[in-house]
Amino acid sequence: MEHLLQIDHLDTTYTVHSEERILVHDVCLHLDKGETLCLVGESGSGKSLTMLSVLGLLKNNGRITSGSIRFENQELQNLSDRELDKIRGSKISMIFQDALTSLNPVFTVRNQIEEIIDAHLNLSRKAKKKKVIDLLNQVGLSDHELILKKYPHELSGGQRQRVLIAIALACHPKVLIADEPTTALDVTIQAEIMNLLDQLKRELNMALILITHDMGLVAQMADRVAVMYAGEIIEEANVNDIFLRPKHPYTKALLQSIPDIEHSKAKKIEPIKGRVPENYDQIKGCRFADRCAFRQPACTQNVQSLKKLQESQVRCQFAEQLLNGE
Amino acid sequence: MNDDTVLKIIKLNKVYKVQSASFFTKAVVHAVKDVSFMIKKGEILGLVGESGSGKTTIGKQIVGLGKPTSGTIQFRGKDILTFTPKEKRANRVKIQMIFQDAYSSLNPRKNIFDILEKPILVNHIASKRDAGVYIDHLLDLVGLPRSSKDKYPHEFSGGQRQRIGIARALSLKPELLVCDEPTSALDVSIQAQILNLLKEIRDELKLSMLFIGHGLGAVSYVSDRIAVMNQGRIVEIAESAELFRHPLHPYTKVLKEAIPIASPLIKSMKAEENARTQWDPNDASPLELVDQQTHHYVKSSILKGTGS
Amino acid sequence: MRKYVLKKILFAIPILIGITIIDYLFMSYAGNPLQMIHGPKVSQAAVHAKEIEYGLNKPFYIQYLVWLNQILHGNFGYSYKSFQPVSDLIASHVGPTLLLMGSALFISIALSIPVAIYSATHQYSKGDYTIVTASFVGTSIPSFFSALVVIYLFTVKLGWLPSSGMSTLGENTQFGDVFRHLLLPVIVLVAATMGSNVRYIRSAMLEILQKDYLLNARAKGIGRFLVINKHALKNALIPIITVIGMQIPLLFGGTVIIEQIFSWPGLGLLTMTAVLNNDYPVIMGVCLLTAVVVLITNLLTDILYAAVDPTITFK
Amino acid sequence: MEALIQKKSQKRTHTFVFWKHKLAFASVILLIIFVVTALFGNMISPYAPNTITGSFSAPPSVQHWLGTDQIGRDVLSRLIYGIKISLLVGVSVTVISSIIGIVIGLVAGFFGGKIDAALMGLTDMVMSFPYILLVLVAAAIFKPGLLSIILILGFVDWPGIARLVRGSVLSLRETNFIKADQLAGLPKTYILFSEILPNAIAPILIYATSVMAYSILDEAALSFLGMGIQPPTASLGNMLNGAENLTILTERLWLWLPPGIVIILLVLAINFIGDALRDSFDPNNHYK
């Protein structure tokens, strides 16, 4: 079966100080209709860059150097920027971390919602007006006239994120990419926004890609999870496998380092020692090796590739051994 | 006066005047309302609440980066607001702060040795001759290699910078540490390192801490007790295990429900649409003891059933 | 919005008073204010009588207030040289200067905006590099030198354009003729101001291009044209207003030199002549006027900010 | 992504970006040549700048590489002397206005309140006077000459620096490291001069280069108008003065082209160096 979105062996390269640096390496992902995929990893692990690559939104010094990105059986890399514009915002939408800076401060909410409708849908004035009101209702914003007249800085954090979601949903996208949409928000507002996303996803039969570093959100939201570390996907599996049967040492370590309120006193959290390597694209073998508790000499020598292990894909040559208890 | 009480805050209020849209009037923001609590020696008190609830404002008043509008802040039994300059010098440095943004908390133009040395010398913690040894000791304490001394802040990662910030705060031998969201800018794996470090330091030096945070998992992990703030007021205080096991105040309940739990088997992150209307934000009733064992206090109006 | 404007006006008042004080101090340093009102050829006794009449034996601040009162009534004194009222002199010279400055400002900004936007959106391309380098060259050329060069080229060598005055002598002033006379000085002023304009707008634009809201606008698929010319440009209006505000005092200065070289009959030429003749009342009159104009410009810029930026009323 | 980039050693970035800038490199060389020329002018120049050594307005020849002026002085020698004057004016004005600007900016930013309001009011006032006009007035009141030009330009060029320094102080005052210094009980003067000022140096330095460029241009303009350096002392500006005369403009290009080109090169070199400094102090610049 063809997937809705399929990324194969994607490499994204940035030119930093006239040095070429492969910041996203060998990323393979797929997404099916109506599914929630969580892309999880620490900052700088390449989650956002991967998704920006999909939409062709890389900065000037970044470009895709190899791999393919197929959406509805169409290779996105073959499309011009103008052709991509027909997909961006209409078939694949994206919302970003900070709603305050993501909304243009000098335009009203109405203007910013109507603009995306104008770009993709050919609606009469009346139909457009109705559409805007429907969208606001969908994202739980009542008092329409008042909200529409306002500028972004006049809204609360939660309201802004809802407006951003309304914009993203305006053209009924098949895929919604949400890049850490709630990190700037309080936990109670986060719950509201996440529930809203989940509910909308079901109602509209959308596929959702959620980029986050919060394992709690992953557990609550995901169907499938891809864990990224230093520019690579190191494990990909369904949500139960990731949490209950993690296979990559990094995934395991990550889960052990999260404090949670349920058993806060009972267990001492185990931090991962060291830090994410800086020039990780220079590392030959496993990029996690020097922080890994199970490191073997072979880890730093062999190029690790993503291999199937039970229901998961793991980038660790010793994963199977570890699973069988050495 | 109980001897092991390090910090006691009584009826603290902070009102900010902000420029409003109109020219001649100033708008007033009541950031902290009638806040009282205490911290014992060697205790970590967590302070949670939504952004804008007044958490950071309280922290600032305690370290002296702001003057409260009313109320008293007692440090080891003495009101720090009435200190003479001389007393200030002797006592104020006993309260130090760890900042959220570790990078901006270090002077980018100075190396770690210079950053650490000056406060030590000015406060006569060690002589110029002994400063080097003392700094080595501090770096050992926070788990940084001694060779870090000659490096500049930009050469460190976020977690390491936070360690330096902690070393600087510890260098003045404080008795109270105010930690203002020290891990919220850090990655998950690094956050765990810093949280464990703070706990170790507490155990080793018998320090008291006020841990301000919005990551509830992190706060409950490090804190012995937790105070929950909502719109400038503390609505509930209890030992951390107790607080989330038996939350009494509706806001605490909402907060607990909202937390995403890192297990796909437990469905959490509930958000009732009308949950926020379940309590009165202007509820001025005092905190009342519910359980002696767990030091559980909650707004008395909740117990009487008049709070909603 | 109205309160914001009111506030800005209130803040401008002390600065305005300060400017008049500085102006007055310069005046008194340069000579007796009485002489400035009546010219130097008045007898000693008459001066003495007038001194009492005008209160020149009174304390300094009263003298200042008397002078200020005169100014407020439009009496800037009389020229040493021509004995004409300074206000008349200014009135007859202000038009050509406004014409020159206005055209230069308009053309400079109108050219700078597209060039700067091109440069910013093609950062580190050859075109960008050329524009930035050219803008540096532009700001490094003294305007009097470029004036000499254009006169040499267009008047002397090619004989295309006149290089002196505002109209051909002996002919009726016609639009086409004024336009031809206007061309060279405007070219020089535009060349002198465009460099810094381009760089300022370019760097402001670069900053805006980094903003999350532009990434979001691109993600909406509204097309590159709208992203740049709607989302980015509206935000860039604030720095553009700033640039215009900054240009006005600079242009006032620039016109002094340019009017001198091109014998353009404006305020600059008036000032230069006055400076060379130590005609203080005229110098001070022009100074005060331009300072007030600059101040009003600043005020207008602030008000325009508020009109463009919806967040500003809350500051 | 952003964080990843910032982790790169800043020091390397500084030198890297600086030297990468080929124009800046050329500019440094050029400026060194100018400075050496100015410093050793009397050894290099073939004649004394103010001595009549040839016939009137002679075109370039073997004896006079750049010809002679209207009264028979060697243009090259005068040019070399003019460079010296220009650099002298540029450096002195920059130093004077920087000192005034830094002091006013530091005081205003650090003490705030009424002191700040008063000082910034003064700054606005000075800025409201059209620059050249103010200088012209001052030049008309005080006797024109080298010293008065330096003083006049120095005393009107400071507002930009003052505003810059004040802005830096205000933003630095809000940083956590200054707060940490306050908590550690460090003395106020130490915080102001050892913690705040060094962090404000970079923008000051960049701005100072533009002050230098502008002051050289302004001196030239004033001298050109006859209100600056007075003849017989040579300055790049007053050497151009004669070109207002049509004969000189059309037939004696050696009298006005060389000083004009030298001013442009000098100012251009300073501007490019300033730009390179800006790049090198801003590590993010190259990722935009």
# chains A, B, ... in the order shown; residues from 1 in each chain; ligands from 1
$ residues_around --residues "region 223-227 of chain A" --least-positions-apart "5" --cutoff "7 Å" --atoms "only C-alpha atoms" --output "ChimeraX atom specification"
/A:35-41,233-239
$ select_by_dssp --residues "region 52-240 of chain C" --states "alpha helix (DSSP H)" --output "PyMOL selection string"
chain C and resi 52-54+60-72+86-121+126-140+143-150+175-209+212-219+224-226+233-240
$ write_last_selection --atoms "C-alpha atoms" --output "short mmCIF file (atom, residue, chain, number, x, y, z; two decimals), in the first residue's frame"
data_model
loop_
_atom_site.label_atom_id
_atom_site.label_comp_id
_atom_site.auth_asym_id
_atom_site.auth_seq_id
_atom_site.Cartn_x
_atom_site.Cartn_y
_atom_site.Cartn_z
CA ILE C 52 15.83 100.01 28.45
CA GLU C 53 12.78 99.77 26.29
CA TYR C 54 13.50 96.13 25.44
CA PHE C 60 19.11 87.02 31.37
CA TYR C 61 15.98 84.88 31.49
CA ILE C 62 13.74 87.91 30.98
CA GLN C 63 15.78 88.88 27.96
CA TYR C 64 15.35 85.37 26.67
CA LEU C 65 11.62 85.55 27.20
CA VAL C 66 11.46 88.89 25.40
CA TRP C 67 13.38 87.38 22.51
CA LEU C 68 11.19 84.28 22.54
CA ASN C 69 8.12 86.50 22.45
CA GLN C 70 9.52 88.22 19.36
CA ILE C 71 10.16 84.89 17.71
CA LEU C 72 6.66 83.72 18.49
CA VAL C 86 14.81 87.46 8.33
CA SER C 87 11.35 85.95 8.10
CA ASP C 88 10.91 87.43 4.62
CA LEU C 89 14.27 86.10 3.52
CA ILE C 90 13.44 82.64 4.80
CA ALA C 91 10.01 82.73 3.20
CA SER C 92 11.46 83.55 -0.20
CA HIS C 93 14.13 80.87 -0.01
CA VAL C 94 12.22 78.02 1.54
CA GLY C 95 10.38 76.98 -1.61
CA PRO C 96 13.37 75.99 -3.76
CA THR C 97 14.89 74.08 -0.85
CA LEU C 98 11.70 72.15 -0.25
CA LEU C 99 11.51 71.35 -3.96
CA LEU C 100 15.09 70.12 -4.02
CA MET C 101 14.88 68.16 -0.76
CA GLY C 102 11.48 66.75 -1.49
CA SER C 103 12.43 65.43 -4.91
CA ALA C 104 15.70 64.02 -3.62
CA LEU C 105 14.05 62.35 -0.65
CA PHE C 106 11.24 60.90 -2.71
CA ILE C 107 13.50 59.51 -5.42
CA SER C 108 16.05 58.21 -2.96
CA ILE C 109 13.47 56.31 -0.91
CA ALA C 110 11.54 55.12 -3.95
CA LEU C 111 14.71 53.64 -5.41
CA SER C 112 16.12 52.36 -2.13
CA ILE C 113 13.14 50.23 -1.16
CA PRO C 114 13.13 47.87 -4.18
CA VAL C 115 16.92 47.71 -4.30
CA ALA C 116 17.12 46.91 -0.59
CA ILE C 117 14.39 44.28 -0.84
CA TYR C 118 16.13 42.64 -3.77
CA SER C 119 19.39 42.67 -1.87
CA ALA C 120 17.90 41.21 1.30
CA THR C 121 15.95 38.50 -0.47
CA LYS C 126 26.41 38.40 -6.47
CA GLY C 127 23.69 40.99 -6.85
CA ASP C 128 23.49 41.52 -3.11
CA TYR C 129 27.23 41.81 -2.84
CA THR C 130 27.32 44.37 -5.62
CA ILE C 131 24.54 46.42 -4.08
CA VAL C 132 26.14 46.43 -0.64
CA THR C 133 29.53 47.34 -2.05
CA ALA C 134 28.01 50.06 -4.18
CA SER C 135 26.15 51.43 -1.18
CA PHE C 136 29.43 51.72 0.69
CA VAL C 137 31.03 53.47 -2.23
CA GLY C 138 28.03 55.78 -2.38
CA THR C 139 28.30 56.82 1.25
CA SER C 140 32.04 57.30 0.93
CA SER C 143 28.67 65.04 -2.21
CA PHE C 144 30.64 68.10 -3.27
CA PHE C 145 33.01 65.86 -5.18
CA SER C 146 30.25 63.98 -6.95
CA ALA C 147 28.70 67.38 -7.71
CA LEU C 148 31.92 68.45 -9.40
CA VAL C 149 32.05 65.20 -11.32
CA VAL C 150 28.47 65.43 -12.62
CA PHE C 175 8.33 73.63 -15.46
CA GLY C 176 10.59 71.95 -17.99
CA ASP C 177 13.34 74.43 -17.39
CA VAL C 178 13.19 74.08 -13.61
CA PHE C 179 13.14 70.33 -14.05
CA ARG C 180 16.35 70.44 -16.10
CA HIS C 181 18.02 72.61 -13.49
CA LEU C 182 16.80 70.33 -10.76
CA LEU C 183 18.22 67.16 -12.26
CA LEU C 184 21.90 67.45 -11.40
CA PRO C 185 21.56 68.52 -7.76
CA VAL C 186 18.93 65.85 -7.21
CA ILE C 187 21.17 63.18 -8.75
CA VAL C 188 23.96 64.17 -6.39
CA LEU C 189 21.71 64.19 -3.31
CA VAL C 190 20.14 60.87 -4.24
CA ALA C 191 23.57 59.32 -4.76
CA ALA C 192 24.71 60.67 -1.41
CA THR C 193 21.73 59.38 0.55
CA MET C 194 20.89 56.13 -1.20
CA GLY C 195 23.82 54.17 0.14
CA SER C 196 22.86 54.45 3.78
CA ASN C 197 19.16 54.12 2.96
CA VAL C 198 19.71 50.87 1.13
CA ARG C 199 21.86 49.42 3.87
CA TYR C 200 19.47 50.42 6.62
CA ILE C 201 16.39 49.05 4.88
CA ARG C 202 18.27 45.94 3.80
CA SER C 203 19.39 45.07 7.30
CA ALA C 204 15.91 45.76 8.67
CA MET C 205 14.48 43.55 5.95
CA LEU C 206 16.99 40.80 6.70
CA GLU C 207 15.90 40.84 10.30
CA ILE C 208 12.26 40.63 9.28
CA LEU C 209 12.99 37.77 6.89
CA ASP C 212 8.74 33.15 12.50
CA TYR C 213 5.73 34.86 11.00
CA LEU C 214 7.37 34.87 7.60
CA LEU C 215 8.09 31.15 7.85
CA ASN C 216 4.47 30.71 8.83
CA ALA C 217 3.35 32.86 5.91
CA ARG C 218 5.42 30.72 3.55
CA ALA C 219 3.95 27.58 5.07
CA ARG C 224 6.50 34.32 -2.48
CA PHE C 225 5.17 37.61 -3.80
CA LEU C 226 2.69 38.09 -0.98
CA LEU C 233 7.03 44.92 3.62
CA LYS C 234 4.36 46.06 6.03
CA ASN C 235 6.68 45.23 8.89
CA ALA C 236 9.52 46.98 7.11
CA LEU C 237 7.51 50.20 7.00
CA ILE C 238 8.69 51.10 10.46
CA PRO C 239 12.39 51.12 9.56
CA ILE C 240 11.49 52.88 6.32
#
$ atom_distance --atom1 "CA of Ile96 (chain D)" --atom2 "CA of Ser168 (chain D)"
19.8 Å
$ interface_residues --of "chain A" --to "chain D" --cutoff "10 Å" --atoms "only C-alpha atoms" --output "PyMOL selection string"
chain A and resi 14-18+23+43-49+59-62+276-279
$ interface_residues --of "chain D" --to "chain B" --cutoff "6 Å" --atoms "only C-alpha atoms" --output "number ranges by chain"
D: 175-177, 184
$ closest_atom_pairs --of "chain D" --to "chain C" --cutoff "9 Å" --atoms "only C-alpha atoms" --output "JSON lines"
{"residue": "D:Gly121", "atom": "CA", "partner": "C:Ile15", "partner_atom": "CA", "distance": 6.2}
{"residue": "D:Leu122", "atom": "CA", "partner": "C:Ile15", "partner_atom": "CA", "distance": 7.6}
{"residue": "D:Asp124", "atom": "CA", "partner": "C:Ile15", "partner_atom": "CA", "distance": 7.2}
{"residue": "D:Met125", "atom": "CA", "partner": "C:Ile15", "partner_atom": "CA", "distance": 5.9}
{"residue": "D:Val126", "atom": "CA", "partner": "C:Ile19", "partner_atom": "CA", "distance": 8.2}
{"residue": "D:Met127", "atom": "CA", "partner": "C:Pro249", "partner_atom": "CA", "distance": 8.5}
{"residue": "D:Ser128", "atom": "CA", "partner": "C:Ala291", "partner_atom": "CA", "distance": 5.3}
{"residue": "D:Phe129", "atom": "CA", "partner": "C:Ala291", "partner_atom": "CA", "distance": 4.9}
{"residue": "D:Pro130", "atom": "CA", "partner": "C:Pro249", "partner_atom": "CA", "distance": 4.8}
{"residue": "D:Tyr131", "atom": "CA", "partner": "C:Gly253", "partner_atom": "CA", "distance": 6.1}
{"residue": "D:Ile132", "atom": "CA", "partner": "C:Gly253", "partner_atom": "CA", "distance": 4.7}
{"residue": "D:Leu133", "atom": "CA", "partner": "C:Gly253", "partner_atom": "CA", "distance": 5.9}
{"residue": "D:Leu134", "atom": "CA", "partner": "C:Cys287", "partner_atom": "CA", "distance": 7.5}
{"residue": "D:Leu136", "atom": "CA", "partner": "C:Val275", "partner_atom": "CA", "distance": 7.2}
{"residue": "D:Val137", "atom": "CA", "partner": "C:Ile283", "partner_atom": "CA", "distance": 7.0}
{"residue": "D:Ala138", "atom": "CA", "partner": "C:Phe26", "partner_atom": "CA", "distance": 8.5}
{"residue": "D:Ala139", "atom": "CA", "partner": "C:Val275", "partner_atom": "CA", "distance": 8.6}
{"residue": "D:Ala140", "atom": "CA", "partner": "C:Val275", "partner_atom": "CA", "distance": 5.9}
{"residue": "D:Ile141", "atom": "CA", "partner": "C:Ala30", "partner_atom": "CA", "distance": 6.4}
{"residue": "D:Ala213", "atom": "CA", "partner": "C:Ser140", "partner_atom": "CA", "distance": 7.7}
{"residue": "D:Tyr214", "atom": "CA", "partner": "C:Ser140", "partner_atom": "CA", "distance": 8.5}
{"residue": "D:Leu217", "atom": "CA", "partner": "C:Pro142", "partner_atom": "CA", "distance": 6.1}
{"residue": "D:Asp218", "atom": "CA", "partner": "C:Pro142", "partner_atom": "CA", "distance": 8.4}
{"residue": "D:Ala220", "atom": "CA", "partner": "C:Pro142", "partner_atom": "CA", "distance": 7.9}
{"residue": "D:Ala221", "atom": "CA", "partner": "C:Phe144", "partner_atom": "CA", "distance": 7.0}
{"residue": "D:Leu222", "atom": "CA", "partner": "C:Ile257", "partner_atom": "CA", "distance": 8.8}
{"residue": "D:Phe224", "atom": "CA", "partner": "C:Phe144", "partner_atom": "CA", "distance": 8.0}
{"residue": "D:Leu225", "atom": "CA", "partner": "C:Ile257", "partner_atom": "CA", "distance": 7.4}
{"residue": "D:Gly226", "atom": "CA", "partner": "C:Leu276", "partner_atom": "CA", "distance": 8.7}
{"residue": "D:Met227", "atom": "CA", "partner": "C:Leu276", "partner_atom": "CA", "distance": 8.4}
{"residue": "D:Leu240", "atom": "CA", "partner": "C:Phe145", "partner_atom": "CA", "distance": 7.9}
{"residue": "D:Ala243", "atom": "CA", "partner": "C:Leu148", "partner_atom": "CA", "distance": 7.4}
{"residue": "D:Glu244", "atom": "CA", "partner": "C:Ile261", "partner_atom": "CA", "distance": 7.1}
{"residue": "D:Leu246", "atom": "CA", "partner": "C:Val156", "partner_atom": "CA", "distance": 8.8}
{"residue": "D:Leu249", "atom": "CA", "partner": "C:Tyr152", "partner_atom": "CA", "distance": 6.8}
{"residue": "D:Thr250", "atom": "CA", "partner": "C:Tyr152", "partner_atom": "CA", "distance": 6.6}
{"residue": "D:Trp256", "atom": "CA", "partner": "C:Phe145", "partner_atom": "CA", "distance": 8.6}
{"residue": "D:Leu257", "atom": "CA", "partner": "C:Phe145", "partner_atom": "CA", "distance": 8.6}
{"residue": "D:Gly260", "atom": "CA", "partner": "C:Phe145", "partner_atom": "CA", "distance": 6.1}
{"residue": "D:Ile261", "atom": "CA", "partner": "C:Ile141", "partner_atom": "CA", "distance": 8.5}
{"residue": "D:Ile263", "atom": "CA", "partner": "C:Ile141", "partner_atom": "CA", "distance": 7.6}
{"residue": "D:Ile264", "atom": "CA", "partner": "C:Ile141", "partner_atom": "CA", "distance": 5.2}
{"residue": "D:Leu265", "atom": "CA", "partner": "C:Ser140", "partner_atom": "CA", "distance": 7.8}
{"residue": "D:Leu266", "atom": "CA", "partner": "C:Ser140", "partner_atom": "CA", "distance": 8.4}
{"residue": "D:Val267", "atom": "CA", "partner": "C:Ser140", "partner_atom": "CA", "distance": 5.3}
{"residue": "D:Leu268", "atom": "CA", "partner": "C:Ser140", "partner_atom": "CA", "distance": 5.2}
{"residue": "D:Ala269", "atom": "CA", "partner": "C:Ser140", "partner_atom": "CA", "distance": 8.9}
{"residue": "D:Asn271", "atom": "CA", "partner": "C:Phe136", "partner_atom": "CA", "distance": 6.9}
{"residue": "D:Phe272", "atom": "CA", "partner": "C:Phe136", "partner_atom": "CA", "distance": 7.4}
{"residue": "D:His286", "atom": "CA", "partner": "C:Tyr124", "partner_atom": "CA", "distance": 8.7}
{"residue": "D:Lys288", "atom": "CA", "partner": "C:Gln210", "partner_atom": "CA", "distance": 7.0}
$ write_last_selection --atoms "N, CA and C atoms" --output "short mmCIF file (atom, residue, chain, number, x, y, z; two decimals), in the first residue's frame"
data_model
loop_
_atom_site.label_atom_id
_atom_site.label_comp_id
_atom_site.auth_asym_id
_atom_site.auth_seq_id
_atom_site.Cartn_x
_atom_site.Cartn_y
_atom_site.Cartn_z
N GLY D 121 17.23 64.13 26.65
CA GLY D 121 16.65 65.36 26.10
C GLY D 121 17.73 66.18 25.41
N LEU D 122 18.86 66.32 26.10
CA LEU D 122 19.99 67.05 25.54
C LEU D 122 20.45 66.40 24.23
N ASP D 124 18.72 64.53 22.20
CA ASP D 124 17.73 64.79 21.15
C ASP D 124 17.89 66.20 20.60
N MET D 125 18.16 67.13 21.50
CA MET D 125 18.30 68.52 21.07
C MET D 125 19.46 68.68 20.09
N VAL D 126 20.60 68.12 20.50
CA VAL D 126 21.77 68.24 19.62
C VAL D 126 21.49 67.56 18.29
N MET D 127 20.76 66.44 18.36
CA MET D 127 20.45 65.72 17.13
C MET D 127 19.45 66.48 16.26
N SER D 128 18.63 67.32 16.87
CA SER D 128 17.60 68.02 16.09
C SER D 128 18.19 69.12 15.23
N PHE D 129 19.34 69.65 15.65
CA PHE D 129 19.97 70.66 14.80
C PHE D 129 20.58 69.98 13.60
N PRO D 130 20.21 70.43 12.41
CA PRO D 130 20.86 69.83 11.25
C PRO D 130 22.36 69.98 11.41
N TYR D 131 22.98 68.86 11.26
CA TYR D 131 24.37 68.68 11.58
C TYR D 131 25.31 69.71 10.95
N ILE D 132 25.30 69.76 9.63
CA ILE D 132 26.22 70.67 8.94
C ILE D 132 25.93 72.11 9.33
N LEU D 133 24.65 72.42 9.48
CA LEU D 133 24.25 73.77 9.83
C LEU D 133 24.85 74.17 11.17
N LEU D 134 24.75 73.25 12.11
CA LEU D 134 25.29 73.50 13.45
C LEU D 134 26.78 73.76 13.37
N LEU D 136 28.42 74.76 10.76
CA LEU D 136 28.65 76.02 10.05
C LEU D 136 28.50 77.21 11.00
N VAL D 137 27.45 77.15 11.81
CA VAL D 137 27.21 78.22 12.75
C VAL D 137 28.39 78.34 13.70
N ALA D 138 28.79 77.18 14.23
CA ALA D 138 29.91 77.17 15.16
C ALA D 138 31.15 77.70 14.47
N ALA D 139 31.35 77.27 13.24
CA ALA D 139 32.53 77.72 12.51
C ALA D 139 32.46 79.22 12.26
N ALA D 140 31.24 79.74 12.10
CA ALA D 140 31.10 81.17 11.87
C ALA D 140 31.40 81.95 13.14
N ILE D 141 31.02 81.39 14.28
CA ILE D 141 31.22 82.10 15.54
C ILE D 141 32.66 81.98 16.01
N ALA D 213 34.59 58.05 9.62
CA ALA D 213 34.35 58.28 8.20
C ALA D 213 33.59 59.59 7.98
N TYR D 214 32.54 59.78 8.77
CA TYR D 214 31.74 60.99 8.61
C TYR D 214 32.54 62.24 8.93
N LEU D 217 34.69 63.17 6.10
CA LEU D 217 33.87 63.78 5.05
C LEU D 217 33.44 65.19 5.42
N ASP D 218 33.08 65.38 6.69
CA ASP D 218 32.59 66.69 7.11
C ASP D 218 33.70 67.74 7.09
N ALA D 220 36.23 67.69 5.16
CA ALA D 220 36.47 68.00 3.75
C ALA D 220 35.40 68.96 3.23
N ALA D 221 34.14 68.68 3.59
CA ALA D 221 33.06 69.53 3.13
C ALA D 221 33.21 70.95 3.66
N LEU D 222 33.52 71.07 4.95
CA LEU D 222 33.69 72.39 5.54
C LEU D 222 34.85 73.14 4.90
N PHE D 224 36.03 72.63 2.02
CA PHE D 224 35.63 72.93 0.65
C PHE D 224 34.82 74.23 0.63
N LEU D 225 33.95 74.39 1.63
CA LEU D 225 33.12 75.59 1.70
C LEU D 225 33.91 76.79 2.20
N GLY D 226 35.15 76.55 2.61
CA GLY D 226 35.95 77.64 3.13
C GLY D 226 35.76 77.90 4.60
N MET D 227 35.03 77.02 5.28
CA MET D 227 34.78 77.22 6.70
C MET D 227 35.58 76.24 7.55
N LEU D 240 40.15 70.96 -3.07
CA LEU D 240 39.10 70.84 -4.07
C LEU D 240 38.38 72.17 -4.32
N ALA D 243 38.02 74.03 -7.60
CA ALA D 243 37.30 73.42 -8.71
C ALA D 243 35.95 74.06 -8.96
N GLU D 244 35.54 74.97 -8.05
CA GLU D 244 34.31 75.70 -8.33
C GLU D 244 34.52 76.66 -9.50
N LEU D 246 35.40 77.38 -13.15
CA LEU D 246 35.13 76.55 -14.32
C LEU D 246 36.39 76.15 -15.09
N LEU D 249 37.98 73.34 -13.21
CA LEU D 249 37.15 72.16 -13.32
C LEU D 249 37.34 71.47 -14.67
N THR D 250 37.40 72.28 -15.74
CA THR D 250 37.45 71.66 -17.06
C THR D 250 38.86 71.36 -17.53
N TRP D 256 41.89 68.77 -8.89
CA TRP D 256 40.75 68.36 -8.04
C TRP D 256 40.45 66.85 -8.04
N LEU D 257 40.84 66.16 -9.09
CA LEU D 257 40.57 64.72 -9.07
C LEU D 257 41.35 63.96 -7.98
N GLY D 260 40.00 64.35 -4.42
CA GLY D 260 38.68 63.72 -4.36
C GLY D 260 38.79 62.22 -4.25
N ILE D 261 39.62 61.64 -5.11
CA ILE D 261 39.77 60.18 -5.09
C ILE D 261 40.37 59.71 -3.77
N ILE D 263 40.07 61.12 -0.80
CA ILE D 263 39.02 61.14 0.23
C ILE D 263 38.15 59.90 0.11
N ILE D 264 37.74 59.61 -1.12
CA ILE D 264 36.86 58.45 -1.32
C ILE D 264 37.53 57.17 -0.84
N LEU D 265 38.78 56.97 -1.23
CA LEU D 265 39.48 55.75 -0.85
C LEU D 265 39.63 55.66 0.67
N LEU D 266 39.98 56.77 1.27
CA LEU D 266 40.19 56.80 2.72
C LEU D 266 38.90 56.44 3.45
N VAL D 267 37.82 57.12 3.08
CA VAL D 267 36.54 56.90 3.74
C VAL D 267 36.02 55.50 3.44
N LEU D 268 36.20 55.06 2.21
CA LEU D 268 35.76 53.73 1.82
C LEU D 268 36.47 52.66 2.65
N ALA D 269 37.79 52.83 2.81
CA ALA D 269 38.56 51.86 3.58
C ALA D 269 38.02 51.79 5.00
N ASN D 271 35.04 52.62 6.09
CA ASN D 271 33.70 52.04 6.08
C ASN D 271 33.73 50.52 5.93
N PHE D 272 34.58 50.04 5.05
CA PHE D 272 34.66 48.59 4.86
C PHE D 272 35.19 47.89 6.11
N HIS D 286 26.14 35.32 9.26
CA HIS D 286 26.30 34.58 8.02
C HIS D 286 25.31 33.47 7.80
N LYS D 288 22.01 34.15 7.98
CA LYS D 288 20.71 34.76 7.69
C LYS D 288 20.30 34.47 6.26
#
$ closest_residue --among "C:Leu299, C:Ala232, C:Ile244, C:Leu10" --to "chain A" --atoms "only C-alpha atoms"
C:Ala232
$ residues_around --residues "Leu31 (chain A)" --least-positions-apart "4" --cutoff "7 Å" --atoms "only C-alpha atoms" --output "PyMOL selection string"
chain A and resi 3-6+35
$ closest_residue --among "C:Ile222, C:Val243, C:Ala307, C:Ile13" --to "chain A" --atoms "only C-alpha atoms"
C:Ile222
$ interface_residues --of "chain A" --to "chain C" --cutoff "10 Å" --atoms "only C-alpha atoms" --output "NGL selection string"
:A and (52 or 55-61 or 81-108 or 112-113 or 115-120 or 150-154 or 164 or 167-168 or 170-171)
